[in-house]
Structures are given as structure tokens and as C-alpha cells.
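Structure below is coords_21.cif: mmCIF, C-alpha atoms and all ligand atoms.
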data_work
loop_
_atom_site.label_atom_id
_atom_site.label_comp_id
_atom_site.auth_asym_id
_atom_site.auth_seq_id
_atom_site.Cartn_x
_atom_site.Cartn_y
_atom_site.Cartn_z
CA MET A 1 -30.46 13.58 48.80
CA LYS A 2 -29.20 10.53 46.99
CA VAL A 3 -30.52 6.98 46.82
CA SER A 4 -28.22 4.31 45.41
CA ILE A 5 -29.65 1.05 44.18
CA ILE A 6 -27.35 -1.96 43.96
CA GLY A 7 -28.69 -4.29 41.26
CA ALA A 8 -30.19 -2.63 38.18
CA GLY A 9 -32.43 -5.57 37.27
CA ASN A 10 -36.21 -5.63 37.37
CA VAL A 11 -36.70 -4.54 40.97
CA GLY A 12 -33.80 -2.05 40.94
CA GLY A 13 -34.75 -0.49 37.60
CA THR A 14 -38.42 -0.15 38.50
CA LEU A 15 -37.54 1.32 41.90
CA ALA A 16 -35.29 3.86 40.16
CA GLN A 17 -38.20 4.80 37.91
CA ARG A 18 -40.53 5.25 40.89
CA ILE A 19 -38.04 7.43 42.78
CA SER A 20 -37.33 9.54 39.71
CA GLU A 21 -40.99 10.01 38.79
CA ALA A 22 -41.83 10.96 42.39
CA GLY A 23 -39.04 13.55 42.36
CA LEU A 24 -37.78 12.07 45.62
CA ALA A 25 -33.99 12.09 45.25
CA ASP A 26 -31.03 11.68 42.92
CA VAL A 27 -30.56 8.03 41.96
CA VAL A 28 -27.45 5.96 41.24
CA LEU A 29 -28.10 2.53 39.76
CA LEU A 30 -25.15 0.19 40.25
CA ASP A 31 -24.79 -3.25 38.71
CA ILE A 32 -22.00 -5.70 38.06
CA ALA A 33 -23.35 -5.61 34.50
CA GLU A 34 -22.12 -2.09 33.76
CA GLY A 35 -23.94 -1.69 30.44
CA LEU A 36 -27.27 -2.62 32.02
CA ALA A 37 -26.91 0.00 34.76
CA LYS A 38 -25.61 2.66 32.37
CA GLY A 39 -28.28 1.98 29.74
CA LYS A 40 -31.13 2.13 32.26
CA GLY A 41 -29.56 5.27 33.76
CA PHE A 42 -29.46 7.00 30.35
CA ASP A 43 -33.00 5.89 29.51
CA LEU A 44 -34.47 7.03 32.85
CA SER A 45 -32.52 10.26 32.63
CA ASP A 46 -33.95 10.97 29.17
CA ALA A 47 -37.47 10.52 30.58
CA ARG A 48 -36.97 13.43 33.03
CA SER A 49 -37.73 16.06 30.43
CA ILE A 50 -41.12 14.43 29.84
CA THR A 51 -41.94 13.86 33.50
CA SER A 52 -40.59 17.31 34.43
CA LYS A 53 -38.30 16.02 37.16
CA ASN A 54 -34.85 17.51 37.74
CA HIS A 55 -33.21 14.98 40.08
CA ARG A 56 -30.24 13.29 38.46
CA ILE A 57 -30.23 9.60 37.65
CA SER A 58 -27.27 7.57 36.41
CA GLY A 59 -25.94 4.04 36.04
CA THR A 60 -22.51 2.67 36.92
CA SER A 61 -20.52 -0.29 38.17
CA ASP A 62 -18.22 1.93 40.23
CA TYR A 63 -18.88 2.05 43.98
CA ASN A 64 -17.20 5.47 44.18
CA GLU A 65 -20.44 6.87 42.83
CA ILE A 66 -22.54 5.78 45.79
CA ARG A 67 -20.63 8.12 48.11
CA ASP A 68 -22.84 10.33 50.30
CA SER A 69 -25.96 8.25 49.67
CA THR A 70 -28.69 8.73 52.25
CA VAL A 71 -30.14 5.32 51.48
CA VAL A 72 -28.64 2.32 49.66
CA VAL A 73 -31.13 -0.29 48.48
CA VAL A 74 -29.74 -3.78 47.79
CA THR A 75 -31.51 -5.73 45.04
CA ALA A 76 -28.42 -7.47 43.65
CA GLY A 77 -28.60 -11.21 43.39
CA LEU A 78 -29.97 -14.17 41.55
CA ALA A 79 -33.55 -15.25 41.32
CA ARG A 80 -34.30 -18.93 41.96
CA VAL A 81 -34.41 -20.94 38.74
CA PRO A 82 -36.16 -24.31 38.38
CA GLY A 83 -34.11 -27.07 39.98
CA MET A 84 -32.27 -24.72 42.33
CA THR A 85 -32.91 -25.37 46.01
CA ARG A 86 -33.42 -22.58 48.54
CA GLU A 87 -30.08 -23.55 50.08
CA ASP A 88 -28.28 -23.15 46.71
CA LEU A 89 -29.89 -19.75 46.26
CA LEU A 90 -28.91 -18.72 49.77
CA LYS A 91 -25.26 -19.68 49.20
CA LYS A 92 -25.07 -17.85 45.87
CA ASN A 93 -26.83 -14.69 47.06
CA ALA A 94 -24.94 -14.64 50.37
CA ALA A 95 -21.67 -14.56 48.41
CA ILE A 96 -22.98 -11.63 46.32
CA ILE A 97 -24.32 -9.79 49.38
CA LYS A 98 -21.00 -10.18 51.18
CA LYS A 99 -19.16 -8.24 48.45
CA VAL A 100 -21.94 -5.70 48.08
CA ILE A 101 -22.16 -4.94 51.81
CA TYR A 102 -18.39 -4.51 52.21
CA SER A 103 -18.44 -2.05 49.31
CA ILE A 104 -21.35 -0.11 50.82
CA ALA A 105 -19.66 0.03 54.23
CA GLU A 106 -16.51 1.35 52.59
CA ASN A 107 -18.09 3.90 50.25
CA ALA A 108 -21.30 4.98 51.98
CA PRO A 109 -20.65 4.39 55.70
CA ASP A 110 -23.31 6.87 56.81
CA SER A 111 -26.10 5.45 54.68
CA ILE A 112 -29.16 3.47 55.70
CA ILE A 113 -29.32 0.07 53.99
CA VAL A 114 -32.62 -1.30 52.73
CA MET A 115 -32.27 -4.98 51.83
CA VAL A 116 -34.48 -6.53 49.14
CA THR A 117 -32.52 -9.57 47.93
CA ASN A 118 -33.93 -12.96 48.96
CA PRO A 119 -33.92 -14.92 51.18
CA LEU A 120 -34.62 -11.58 52.76
CA ASP A 121 -34.48 -12.20 56.50
CA ILE A 122 -31.29 -14.24 56.48
CA LEU A 123 -29.55 -11.77 54.18
CA THR A 124 -30.68 -8.78 56.27
CA ASN A 125 -29.07 -10.42 59.31
CA LEU A 126 -25.93 -11.03 57.25
CA ALA A 127 -25.90 -7.40 56.05
CA LEU A 128 -26.19 -6.10 59.62
CA HIS A 129 -23.39 -8.37 60.79
CA LEU A 130 -20.99 -7.59 57.93
CA SER A 131 -21.64 -3.85 57.66
CA LYS A 132 -21.20 -3.31 61.41
CA PHE A 133 -23.78 -0.53 60.95
CA SER A 134 -26.01 0.39 63.86
CA PRO A 135 -29.07 -1.93 63.89
CA GLN A 136 -31.27 1.12 63.28
CA LYS A 137 -29.67 1.49 59.87
CA VAL A 138 -30.20 -1.95 58.32
CA ILE A 139 -33.79 -2.69 57.31
CA GLY A 140 -35.28 -5.43 55.15
CA MET A 141 -38.24 -5.11 52.77
CA GLY A 142 -40.70 -7.96 53.21
CA GLY A 143 -43.69 -7.07 55.34
CA VAL A 144 -44.80 -4.10 53.24
CA LEU A 145 -44.98 -6.35 50.18
CA ASP A 146 -46.67 -9.24 51.96
CA SER A 147 -49.19 -6.86 53.57
CA ALA A 148 -49.94 -5.27 50.18
CA ARG A 149 -50.59 -8.71 48.70
CA PHE A 150 -52.85 -9.61 51.62
CA ALA A 151 -54.73 -6.31 51.23
CA ASN A 152 -55.20 -6.86 47.51
CA LEU A 153 -56.51 -10.40 47.96
CA ILE A 154 -58.90 -9.25 50.72
CA ALA A 155 -60.17 -6.39 48.52
CA GLU A 156 -60.69 -8.69 45.54
CA HIS A 157 -62.46 -11.32 47.65
CA LEU A 158 -64.84 -8.79 49.24
CA ASP A 159 -65.11 -6.64 46.11
CA VAL A 160 -64.26 -3.47 48.01
CA PRO A 161 -61.77 -0.69 47.15
CA VAL A 162 -58.25 -1.76 48.08
CA THR A 163 -57.81 1.63 49.77
CA SER A 164 -60.46 0.64 52.33
CA VAL A 165 -58.29 -2.30 53.41
CA GLU A 166 -55.49 -2.15 55.97
CA ALA A 167 -53.65 -5.46 56.12
CA LEU A 168 -50.75 -6.54 58.27
CA VAL A 169 -48.32 -9.40 57.74
CA ILE A 170 -45.34 -9.92 60.07
CA GLY A 171 -42.71 -12.64 60.53
CA ALA A 172 -40.43 -14.12 57.89
CA HIS A 173 -40.69 -12.98 54.26
CA SER A 174 -41.30 -16.57 53.18
CA LYS A 175 -43.99 -19.22 53.21
CA ASP A 176 -43.81 -18.95 57.02
CA MET A 177 -45.08 -15.36 57.02
CA ILE A 178 -47.73 -14.48 59.61
CA PRO A 179 -50.75 -12.65 58.18
CA LEU A 180 -52.53 -11.06 61.14
CA ALA A 181 -56.25 -11.20 60.35
CA GLY A 182 -57.09 -9.67 63.75
CA PHE A 183 -54.98 -6.58 62.97
CA SER A 184 -56.23 -6.33 59.37
CA LYS A 185 -59.26 -4.14 58.78
CA VAL A 186 -61.81 -3.29 56.13
CA SER A 187 -63.21 0.22 56.56
CA GLY A 188 -61.97 0.08 60.14
CA LYS A 189 -63.62 -3.25 61.01
CA PRO A 190 -61.41 -6.25 61.84
CA LEU A 191 -61.30 -8.83 59.05
CA THR A 192 -62.10 -11.52 61.60
CA GLN A 193 -65.54 -9.90 62.09
CA ILE A 194 -66.22 -9.77 58.35
CA VAL A 195 -65.25 -13.19 57.01
CA SER A 196 -65.20 -16.68 58.51
CA ALA A 197 -62.09 -18.13 60.16
CA GLU A 198 -61.85 -20.56 57.24
CA ARG A 199 -61.90 -17.70 54.69
CA CYS A 200 -59.23 -15.85 56.72
CA ARG A 201 -57.06 -18.96 56.49
CA ASP A 202 -57.61 -19.22 52.72
CA LEU A 203 -56.69 -15.56 52.18
CA SER A 204 -53.60 -15.96 54.37
CA LEU A 205 -52.52 -19.04 52.45
CA ALA A 206 -53.05 -17.32 49.09
CA THR A 207 -50.94 -14.39 50.34
CA ALA A 208 -48.09 -16.71 51.31
CA GLN A 209 -48.27 -18.37 47.86
CA ARG A 210 -48.58 -15.16 45.85
CA GLY A 211 -44.88 -14.81 45.01
CA ALA A 212 -44.70 -18.40 43.73
CA GLN A 213 -47.94 -17.89 41.78
CA ILE A 214 -46.38 -14.92 39.98
CA VAL A 215 -43.13 -16.82 39.30
CA ALA A 216 -45.13 -19.68 37.77
CA CYS A 217 -47.04 -17.26 35.49
CA LEU A 218 -43.99 -15.28 34.37
CA GLY A 219 -42.00 -18.38 33.44
CA GLN A 220 -38.76 -16.53 34.14
CA GLY A 221 -37.91 -14.02 36.83
CA SER A 222 -40.04 -13.01 39.76
CA ALA A 223 -42.38 -10.21 40.83
CA TYR A 224 -41.07 -6.67 40.65
CA TYR A 225 -43.88 -4.12 40.40
CA ALA A 226 -45.18 -4.65 43.93
CA PRO A 227 -41.70 -5.33 45.40
CA SER A 228 -40.37 -2.07 43.95
CA ALA A 229 -43.47 -0.21 45.21
CA ALA A 230 -42.85 -1.64 48.68
CA ALA A 231 -39.17 -0.64 48.66
CA PHE A 232 -40.20 2.82 47.41
CA LYS A 233 -42.60 3.28 50.33
CA MET A 234 -39.79 2.47 52.78
CA VAL A 235 -37.22 4.70 51.06
CA LYS A 236 -39.75 7.56 50.99
CA ALA A 237 -40.46 7.10 54.71
CA ILE A 238 -36.74 7.45 55.47
CA ILE A 239 -35.92 10.27 53.02
CA GLY A 240 -39.05 12.21 53.95
CA SER A 241 -38.72 11.59 57.75
CA GLU A 242 -42.29 10.32 57.62
CA ASN A 243 -42.18 8.32 60.85
CA ILE A 244 -44.82 5.91 59.55
CA VAL A 245 -45.27 2.43 60.98
CA VAL A 246 -44.76 -0.38 58.48
CA PRO A 247 -43.91 -4.04 58.90
CA ALA A 248 -40.19 -4.39 58.16
CA CYS A 249 -37.35 -6.80 58.82
CA VAL A 250 -35.60 -5.05 61.71
CA TYR A 251 -33.23 -5.98 64.50
CA CYS A 252 -35.03 -7.24 67.59
CA ASN A 253 -33.22 -7.78 70.84
CA GLY A 254 -35.80 -8.39 73.53
CA GLU A 255 -38.85 -7.21 71.58
CA TYR A 256 -41.42 -10.00 71.24
CA GLY A 257 -38.99 -12.16 73.23
CA ILE A 258 -36.70 -12.37 70.17
CA GLU A 259 -32.97 -12.27 70.82
CA ASP A 260 -30.42 -10.72 68.48
CA THR A 261 -32.24 -11.32 65.17
CA CYS A 262 -33.69 -9.28 62.29
CA ILE A 263 -37.26 -10.36 61.44
CA GLY A 264 -40.47 -8.75 60.22
CA VAL A 265 -42.31 -6.72 62.87
CA PRO A 266 -44.05 -3.32 62.81
CA ALA A 267 -41.49 -0.53 62.94
CA ARG A 268 -41.58 3.25 62.74
CA LEU A 269 -39.35 4.45 59.89
CA GLY A 270 -37.87 7.92 59.77
CA SER A 271 -34.68 9.81 59.00
CA ARG A 272 -32.60 7.67 61.37
CA GLY A 273 -33.93 4.44 59.90
CA VAL A 274 -35.75 2.38 62.52
CA GLU A 275 -37.09 4.92 65.02
CA GLU A 276 -39.13 2.46 67.10
CA ILE A 277 -40.34 -1.13 67.15
CA ILE A 278 -44.04 -1.53 67.90
CA GLU A 279 -44.97 -4.53 70.05
CA LEU A 280 -48.42 -5.88 69.25
CA ASP A 281 -50.42 -8.06 71.56
CA LEU A 282 -50.19 -11.26 69.52
CA LYS A 283 -52.16 -14.46 69.98
CA VAL A 284 -50.22 -17.34 71.54
CA GLU A 285 -49.95 -19.25 68.24
CA GLU A 286 -48.84 -16.13 66.33
CA LYS A 287 -46.12 -15.40 68.88
CA GLU A 288 -44.96 -19.01 68.80
CA LYS A 289 -44.71 -18.92 65.01
CA LEU A 290 -42.75 -15.65 65.16
CA LEU A 291 -40.29 -17.07 67.70
CA ASN A 292 -39.83 -20.25 65.66
CA SER A 293 -39.11 -18.23 62.52
CA ALA A 294 -36.65 -16.03 64.42
CA LYS A 295 -34.83 -19.13 65.67
CA PHE A 296 -34.61 -20.56 62.15
CA ILE A 297 -33.40 -17.25 60.66
CA LYS A 298 -30.81 -16.75 63.40
CA GLU A 299 -29.36 -20.22 62.89
CA ALA A 300 -29.30 -19.90 59.09
CA ALA A 301 -27.55 -16.50 59.34
CA ALA A 302 -25.03 -17.85 61.89
CA ASN A 303 -24.14 -20.66 59.46
CA LEU A 304 -23.15 -18.06 56.86
CA ALA A 305 -20.98 -15.92 59.09
N1 LIG B 1 -23.14 -6.62 42.26
C1 LIG B 1 -24.08 -5.85 41.68
N2 LIG B 1 -25.12 -6.34 40.98
C2 LIG B 1 -25.21 -7.68 40.90
C3 LIG B 1 -24.27 -8.56 41.49
C4 LIG B 1 -23.21 -7.97 42.20
N3 LIG B 1 -22.25 -8.71 42.79
N4 LIG B 1 -24.65 -9.82 41.22
C5 LIG B 1 -25.79 -9.77 40.50
N5 LIG B 1 -26.14 -8.47 40.29
C6 LIG B 1 -27.26 -7.91 39.53
C7 LIG B 1 -27.55 -8.67 38.25
O1 LIG B 1 -26.62 -8.30 37.23
C8 LIG B 1 -28.98 -8.22 37.95
O2 LIG B 1 -29.02 -7.11 37.07
O3 LIG B 1 -28.48 -8.02 40.26
C9 LIG B 1 -29.54 -7.81 39.33
C10 LIG B 1 -30.75 -8.62 39.75
O4 LIG B 1 -31.79 -8.31 38.89
P1 LIG B 1 -32.87 -9.39 38.39
O5 LIG B 1 -32.19 -10.65 38.00
O6 LIG B 1 -33.75 -8.69 37.40
O7 LIG B 1 -33.69 -9.73 39.72
P2 LIG B 1 -34.88 -8.88 40.36
O8 LIG B 1 -36.18 -9.35 39.85
O9 LIG B 1 -34.57 -7.43 40.26
O10 LIG B 1 -34.78 -9.37 41.89
C11 LIG B 1 -33.67 -9.02 42.68
O11 LIG B 1 -34.93 -8.93 44.68
O12 LIG B 1 -37.14 -9.41 45.11
C12 LIG B 1 -35.84 -9.89 45.18
O13 LIG B 1 -36.02 -12.30 45.00
C13 LIG B 1 -35.61 -11.13 44.34
O14 LIG B 1 -33.44 -11.63 45.25
C14 LIG B 1 -34.13 -11.10 44.13
C15 LIG B 1 -33.83 -9.57 44.08
#

Here is the file; what I need is its structure written in the form of C-alpha cells.
Amino acid sequence: MKVSIIGAGNVGGTLAQRISEAGLADVVLLDIAEGLAKGKGFDLSDARSITSKNHRISGTSDYNEIRDSTVVVVTAGLARVPGMTREDLLKKNAAIIKKVIYSIAENAPDSIIVMVTNPLDILTNLALHLSKFSPQKVIGMGGVLDSARFANLIAEHLDVPVTSVEALVIGAHSKDMIPLAGFSKVSGKPLTQIVSAERCRDLSLATAQRGAQIVACLGQGSAYYAPSAAAFKMVKAIIGSENIVVPACVYCNGEYGIEDTCIGVPARLGSRGVEEIIELDLKVEEKEKLLNSAKFIKEAAANLA
């Protein structure tokens, strides 16, 4: 099997490393900056003798090389720099995504697209619209990352192993995300029974601010270790037909009362992409927030089309 990664920057390069080291699939790294993609491809390929992995890995700027990909992950785009508004970023990345998606549709029409570029939800809707792929085959990475951040912050707060924490965040991959404390558990016990409502709110808020906290520390660029780990988990679920349920930005049409919009909800991922959307029994305020986010995302995506 072959996974192509569009954008050989921090997220793309680290994802390529994870796929290669796991021995999951052949990897093609594609970037508009040809030297960057080629150089990382050579470097990662050299590492295979040490990690004892035989899958091929290469870098290119030629879309011919993504032919027959099972999955194409899109990380191409700009990161927000100081002074740039979200709207500016959206315009710039939408223009990039437009070109990228047309090229994927032309060269890898049978692939499953995993979107990573931000603003994630709006661009996943754009990708679905432009690719004309079946909605099952266009999936955005947001919820896995947000849930991992929530889990980590819960584990650190309670001083318990992170593996004993199951956390769930749905909704937009933005400050409007919806951490679900009632569906998050520590050693099987709901978080809401372990910490106060006020502490749940603090942990949720810290989760929503985590990306910005990392950006502020790094000084330039944004997070990529956890984002690439999240994208890896989704790619592995598809390539390995794992049929696991993860929160992902998927096309809802009726589910949760959402009409014709991609947004973060729990979904079963397998070889066909989205195998099933899981409808949770949300609290009234959680459902309201989800519907408001869906409305905002739908309008923003419609303005781009
Ligand atoms: N085609 C292909 N690659 C492109 C294009 C394009 N049209 N435009 C930009 N790129 C490439 C850049 O050359 C760069 O190598 O996308 C890459 C982006 O890499 P980084 O700047 O390192 O950004 P990264 O940290 O990887 O984040 C990428 O993922 O998590 C999100 O918010 C993040 O939207 C951002 C994306």
C-alpha cells in the first residue's frame, strides 16, 4: 500500500517518519519545495537500513508519483504568523488546498483523503466539495489530536498514567471545540465523578488553548509531534482496516441534526474510510454548541466555493 503526504514540512515529515518506522506502507512526500521533499525522502530512506524497514519512501514535487495511493494526507499550507488574521490564513490556505485537491482528484481518484491543514473543518468541507469524492473518503484530523491533548492534561492533573485516560473531544478543531467530560474516563470512571465541574472546565479550557500555548513557546511554527501522531493513528486505522472509533471531521447529513457539513464527531474508520458515524447522547448545551459550530463552518466553506 502507498500513503502520499502533500506538504513535507514539520507535520508531513514527521508523519512520514512514523509511517516508515511502523512499517505501515510505502510513502511519497510531495511538496512545492521540491528539494525539501526530496531531501527528507533521501534522509528517511537512508534510515531504513537502521530501523530494518523495507517499505520505500521518496520525495517529489510531481503529482504523477502519488498514483495508486491508498491514502493521501494533506498537510500543505501556511502556518499563521503574528499579525495574520484567521481570515487571511483561510484565504491563503484555501487557495493552496484548491490546487492540491484538484491534483489529488486527477492523479489518485481512488484514494482516501485525510485533511490536516488548518482551519481544518472549513478546508475539509472545501476538499470534499472540490474533489467530488464520496463523503466516506474525505476525513479531517482534529478530534484525535484534541482528545489526546485533553487526555494528557487530565493525566498530568491527576498524576495518573496517560494510558488510563480515555478522553473525547468533538466539534470544531478550534477554540470552539467541545471536550466531553461526561464521555471522558479515568480507569473506566467518568471524569465528572472524579473532579469538580470547575476543574473539568479548567481542563477543557486548557485543552482548547494548547495549540496556541505551543505556538507561543516555539516562537515560529506550530505543533507537529502530536498532530503527526494523530494523523498516523487515522492512516493506520484505514490502511489496517481497524474499524476503530475516533473523533474525526466527517460529513454529517442528518446525524446530530447537522445538515450537509463536515465536523468533528465520533466515526468508525476502516478500509472504506468512514464506515459509520456514532451518535452520542449529548447534553443540550453540547448539542447546541455543535450545531452552532456546524452552521459557522458551513457558511465559511460556502463563502469559499
Ligand atoms: N503544494 C504542496 N506543498 C505546499 C504548497 C502547495 N501548493 N504550499 C505550501 N506547501 C508546503 C510548504 O512548502 C511546507 O513545506 O507545505 C508545507 C507546510 O509545512 P510547515 O510550514 O512545516 O507546516 P506544518 O507545521 O507541517 O503544518 C502544516 O498542518 O497542523 C496543520 O496548522 C498546521 O495548516 C498547518 C499544516

At most 6 Å from (-47.8, -11.0, 58.0), file frame, all atoms listed in the file: which residues, as an MDAnalysis selection string? chainID A and resid 168:171 177:180

Tell me, in Å to one decimal, how far atom CA of Val27 of chain A is from atom CA of Ala248 of chain A.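 Pair atom CA of Val27 of chain A / atom CA of Ala248 of chain A returns 22.6 Å.
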
What separates atom CA of Ser61 of chain A and atom CA of Ile19 of chain A is a distance of 19.7 Å

Protein and nucleic acid residues within 9 Å of ligand LIG 1 (chain B) (all atoms listed in the file) as a CSV table (one decimal) with C-alpha atoms, in the coordinates of the input:
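This is the output file pocket02.csv:
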chain,number,residue,atom,x,y,z
A,6,ILE,CA,-27.4,-2.0,44.0
A,7,GLY,CA,-28.7,-4.3,41.3
A,8,ALA,CA,-30.2,-2.6,38.2
A,9,GLY,CA,-32.4,-5.6,37.3
A,10,ASN,CA,-36.2,-5.6,37.4
A,11,VAL,CA,-36.7,-4.5,41.0
A,12,GLY,CA,-33.8,-2.0,40.9
A,13,GLY,CA,-34.8,-0.5,37.6
A,14,THR,CA,-38.4,-0.2,38.5
A,30,LEU,CA,-25.2,0.2,40.2
A,31,ASP,CA,-24.8,-3.2,38.7
A,32,ILE,CA,-22.0,-5.7,38.1
A,33,ALA,CA,-23.4,-5.6,34.5
A,34,GLU,CA,-22.1,-2.1,33.8
A,36,LEU,CA,-27.3,-2.6,32.0
A,37,ALA,CA,-26.9,0.0,34.8
A,61,SER,CA,-20.5,-0.3,38.2
A,74,VAL,CA,-29.7,-3.8,47.8
A,75,THR,CA,-31.5,-5.7,45.0
A,76,ALA,CA,-28.4,-7.5,43.6
A,77,GLY,CA,-28.6,-11.2,43.4
A,78,LEU,CA,-30.0,-14.2,41.6
A,79,ALA,CA,-33.6,-15.2,41.3
A,80,ARG,CA,-34.3,-18.9,42.0
A,89,LEU,CA,-29.9,-19.8,46.3
A,93,ASN,CA,-26.8,-14.7,47.1
A,95,ALA,CA,-21.7,-14.6,48.4
A,96,ILE,CA,-23.0,-11.6,46.3
A,97,ILE,CA,-24.3,-9.8,49.4
A,98,LYS,CA,-21.0,-10.2,51.2
A,99,LYS,CA,-19.2,-8.2,48.4
A,100,VAL,CA,-21.9,-5.7,48.1
A,115,MET,CA,-32.3,-5.0,51.8
A,116,VAL,CA,-34.5,-6.5,49.1
A,117,THR,CA,-32.5,-9.6,47.9
A,118,ASN,CA,-33.9,-13.0,49.0
A,119,PRO,CA,-33.9,-14.9,51.2
A,120,LEU,CA,-34.6,-11.6,52.8
A,141,MET,CA,-38.2,-5.1,52.8
A,142,GLY,CA,-40.7,-8.0,53.2
A,221,GLY,CA,-37.9,-14.0,36.8
A,222,SER,CA,-40.0,-13.0,39.8
A,223,ALA,CA,-42.4,-10.2,40.8
A,224,TYR,CA,-41.1,-6.7,40.6
A,227,PRO,CA,-41.7,-5.3,45.4
A,228,SER,CA,-40.4,-2.1,44.0

In Å, rounded to a single decimal, give me how far atom CA of Tyr63 of chain A is from atom CA of Leu44 of chain A. 19.8 Å

For a quick check of understanding, using only C-alpha atoms, which of A:Ala22, A:Ala216, A:Ala16, A:Ala229 has the smallest distance to Gly59 of chain A? A:Ala16

Kindly provide, as a list in words, the polymer residues lying within 12 Å of (-40.4, 16.7, 53.0), counting all atoms listed in the file and using the coordinates exactly as they appear in the file.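 Every polymer residue passing the test: Met1, Gly23, Leu24, Ala25, Lys236, Ala237, Ile238, Ile239, Gly240, Ser241, Glu242, Asn243, Gly270 and Ser271 of chain A.
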
Contacts of Ala208 of chain A at 9 Å (all atoms listed in the file; same-chain gap of 5+ positions) as number ranges by chain: A: 146, 149-150, 173-179, 203

If we count all atoms listed in the file, what is near segment 131-138 of chain A at a cut-off of 12 Å, once residues fewer than 4 positions away on the same chain are taken out, given as a VMD selection string? chain A and resid 70 to 74 97 to 116 120 to 121 123 to 127 234 238 248 to 253 260 to 263 267 to 277

What lies within 10 Å of Thr163 of chain A using only C-alpha atoms, ignoring chain neighbours under 5 positions off, as a PyMOL selection string? chain A and resi 151-152+155+186-187

With distances taken over all atoms listed in the file, which residue among A:Ser49, A:Glu21, A:Val81, A:Val144 lies nearest Val215 of chain A?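 Selected residue with least distance to Val215 of chain A: A:Val81.
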
A:Ala212, A:Val3, A:Ala231, A:Ala206 ranked by distance to Ser69 of chain A, top pick (using all atoms listed in the file):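 Closest residue, counting all atoms listed in the file: A:Val3.
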
Ranking A:Val195, A:Ile122, A:Ala294, A:Ala181 by minimum distance to His157 of chain A and counting all atoms listed in the file, which one comes first?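 Going through A:Val195, A:Ile122, A:Ala294, A:Ala181 one by one, the smallest distance to His157 of chain A is for A:Val195.
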